[in-house]
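K.L.:
My questions all concern the structure below.
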Amino acid sequence: MPEFSALLRDAQALEVQGRSAEAVAAYERCIAANPGHAYPFTRRALLLFRAKFGPPPAPPAQKPGVPRVAMSVLGQKGRFGNQLLQYGFLRMYAAEHGLAVEAPDWIGRDLYDRNDPARGAPMPAVHENEHDLVASLNRQVPEVWRDADLVGFCCYPTGGLRRYRDLFRSLFKPGRKVAAIAESAQAQLRARGDTLVAVHLRRGDFGGDPHWIAPAAWYAQWLKALWPALRKPVLYVATDDPASAAGLAEFKPLTAADLGLEVPGAEFFPDFHLLTQADALAISNSSFSFAAALLNERAKAFLRPDRRAQALVAFDPWDAPVLL
């Protein structure tokens, strides 16, 4: 197989030429070659989603004279869950310091109607591995980065972001194009039981540190203890590998395939949204389901896998590291 950079150049050239179907196939080859790289994931998502649902509104013009802050790596570093953490931090930082946000094209424009002004003139990069951006957010250091391009994955311990919890949650309500899909997903599951239990089993692009895979047996152990205390429970398994749900067969799990919902380019959206709506939630060691836990206002129990305990352990999404 050609090296990743050559595959990516081919995909970008096809997209520029307007050969969208071929570009999608080319980006999928990029994803197969390097599953953790975010850029092909983003471009494939945008091409397929917009072919089905239409383009987002044109970005508004930036207000003149207002100091700016941007995050040009959004959509390039980190996949969907990570992008929500990045965008959320960008908006927190802008709100705290009175800055105007600029954002590149990313799937949040489509899923959540996040229609920010597009990137304008280049600004100096401020890297998270060189500066404490959380300390700047919380005014614990004198530096405030105005007219700056923040660079990082933004997988910060969430205790330092907790005071912005309501802002973060307000950013990611299903937008006009997917609201009905989200409602249908919830209604189908609520019709089958009174208590929605959701687990995330991420498999396809994981497998090594820091993205180690927790065995399904840990989730089964938790469910066996939990199940008898619940009123008419229904189990939903969010996963990129439906076969992995077989390890939880005794709980009659449902997956996105059972709901018959299609979101081309954002096939992950029903899974993600249902994780945010669960009454009890067990995540994987993944920013995808961690971000969903941050948005979940219903759950009374949040669990995550812990290698030291060799089991799921309780955690507070708004006072925890993103990855263990």
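Ligands are numbered from 1 in the order shown, chains are lettered A, B, ... in the order of the structure tokens, and residues start at 1 in each chain.
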Can you pull out every residue within 7 Å of Ala238 of chain A, counting only C-alpha atoms, but drop anything in the same chain fewer than 3 positions away, and send it as a list in words?

P.N.:
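Within the cut-off, the hits are Val199, His200, Leu201, Thr255 and Asp271 of chain A.
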
K.L.:
Among segment 239-324 of chain A, which ones does DSSP place in strand (DSSP E or B), written as a list in words?

P.N.:
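Filtering segment 239-324 of chain A to strand (DSSP E or B) leaves Thr239, Leu254, Ala280, Leu281, Ala282, Ala301, Phe302, Leu303, Arg304, Pro305, Asp306, Ala311, Leu312, Val313 and Ala314 of chain A.
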
K.L.:
Kindly save the residues from that selection, with C-alpha atoms included, as an mmCIF file, in the first residue's frame.

P.N.:
```
data_model
loop_
_atom_site.group_PDB
_atom_site.id
_atom_site.type_symbol
_atom_site.label_atom_id
_atom_site.label_comp_id
_atom_site.auth_asym_id
_atom_site.auth_seq_id
_atom_site.Cartn_x
_atom_site.Cartn_y
_atom_site.Cartn_z
ATOM 1 C CA THR A 239 -19.391 0.361 19.342
ATOM 2 C CA LEU A 254 -29.128 -3.210 21.207
ATOM 3 C CA ALA A 280 -26.214 4.685 33.752
ATOM 4 C CA LEU A 281 -23.098 4.973 31.606
ATOM 5 C CA ALA A 282 -19.932 2.907 31.302
ATOM 6 C CA ALA A 301 -23.699 6.334 37.693
ATOM 7 C CA PHE A 302 -20.594 6.869 35.582
ATOM 8 C CA LEU A 303 -18.088 4.022 35.221
ATOM 9 C CA ARG A 304 -14.790 3.658 33.356
ATOM 10 C CA PRO A 305 -12.227 0.855 32.968
ATOM 11 C CA ASP A 306 -9.196 0.926 35.232
ATOM 12 C CA ALA A 311 -12.568 -3.616 36.557
ATOM 13 C CA LEU A 312 -14.847 -0.665 35.949
ATOM 14 C CA VAL A 313 -14.588 2.070 38.570
ATOM 15 C CA ALA A 314 -16.830 5.040 39.341
#
```

K.L.:
Go through A:Pro264, A:Gly81, A:Pro40, A:Gly247 one by one, measure the shortest atom-to-atom distance of each to Ala216 of chain A using only C-alpha atoms, and give the residue with the smallest value.

P.N.:
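Once distances to Ala216 of chain A are computed over only C-alpha atoms, the minimum belongs to A:Gly247.
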
K.L.:
Neighbours of Pro104 of chain A within 10 Å (only C-alpha atoms; same-chain residues fewer than 3 positions away dropped), as an mmCIF file with C-alpha atoms, in the first residue's frame?

P.N.:
```cif
data_model
loop_
_atom_site.group_PDB
_atom_site.id
_atom_site.type_symbol
_atom_site.label_atom_id
_atom_site.label_comp_id
_atom_site.auth_asym_id
_atom_site.auth_seq_id
_atom_site.Cartn_x
_atom_site.Cartn_y
_atom_site.Cartn_z
ATOM 1 C CA PRO A 59 -19.770 31.398 8.062
ATOM 2 C CA ALA A 70 -8.617 30.318 16.784
ATOM 3 C CA MET A 71 -7.786 26.624 16.775
ATOM 4 C CA SER A 72 -6.616 25.726 13.288
ATOM 5 C CA VAL A 73 -5.837 22.116 14.292
ATOM 6 C CA LEU A 74 -9.536 21.423 14.930
ATOM 7 C CA GLY A 75 -10.423 18.519 12.634
ATOM 8 C CA GLN A 76 -6.768 17.603 12.134
ATOM 9 C CA ILE A 107 -18.280 18.310 11.523
ATOM 10 C CA ARG A 109 -20.775 22.988 12.075
ATOM 11 C CA ASP A 116 -18.386 30.434 13.748
ATOM 12 C CA PRO A 117 -16.484 32.812 11.487
ATOM 13 C CA ALA A 118 -13.906 31.003 9.365
ATOM 14 C CA ARG A 119 -10.194 31.344 9.983
ATOM 15 C CA GLY A 120 -8.933 34.754 8.978
#
```

K.L.:
Looking at only C-alpha atoms, which of A:Leu8, A:Leu161, A:Ala148, A:Leu46 is the one that sits closest to Ala33 of chain A?

P.N.:
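Under the stated criterion, the closest residue is A:Leu8.
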
K.L.:
If you count only C-alpha atoms, which residues fall within 7 Å of segment 127-131 of chain A, apart from same-chain ones fewer than 3 positions away, as number ranges by chain?

P.N.:
A: 150-152

K.L.:
Give me a file of those residues, with N, CA and C atoms, as a compact mmCIF listing (two decimals), in the first residue's frame.

P.N.:
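Saved the output as again-v6.txt:
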```txt
# COMPACT_ATOMS: atom_id res chain seq x y z
N LEU A 150 -4.55 28.63 19.15
CA LEU A 150 -4.26 27.63 20.17
C LEU A 150 -4.04 26.27 19.51
N VAL A 151 -3.01 25.57 19.96
CA VAL A 151 -2.63 24.28 19.36
C VAL A 151 -2.55 23.24 20.46
N GLY A 152 -3.34 22.17 20.32
CA GLY A 152 -3.28 21.09 21.30
C GLY A 152 -4.46 20.16 21.17
```
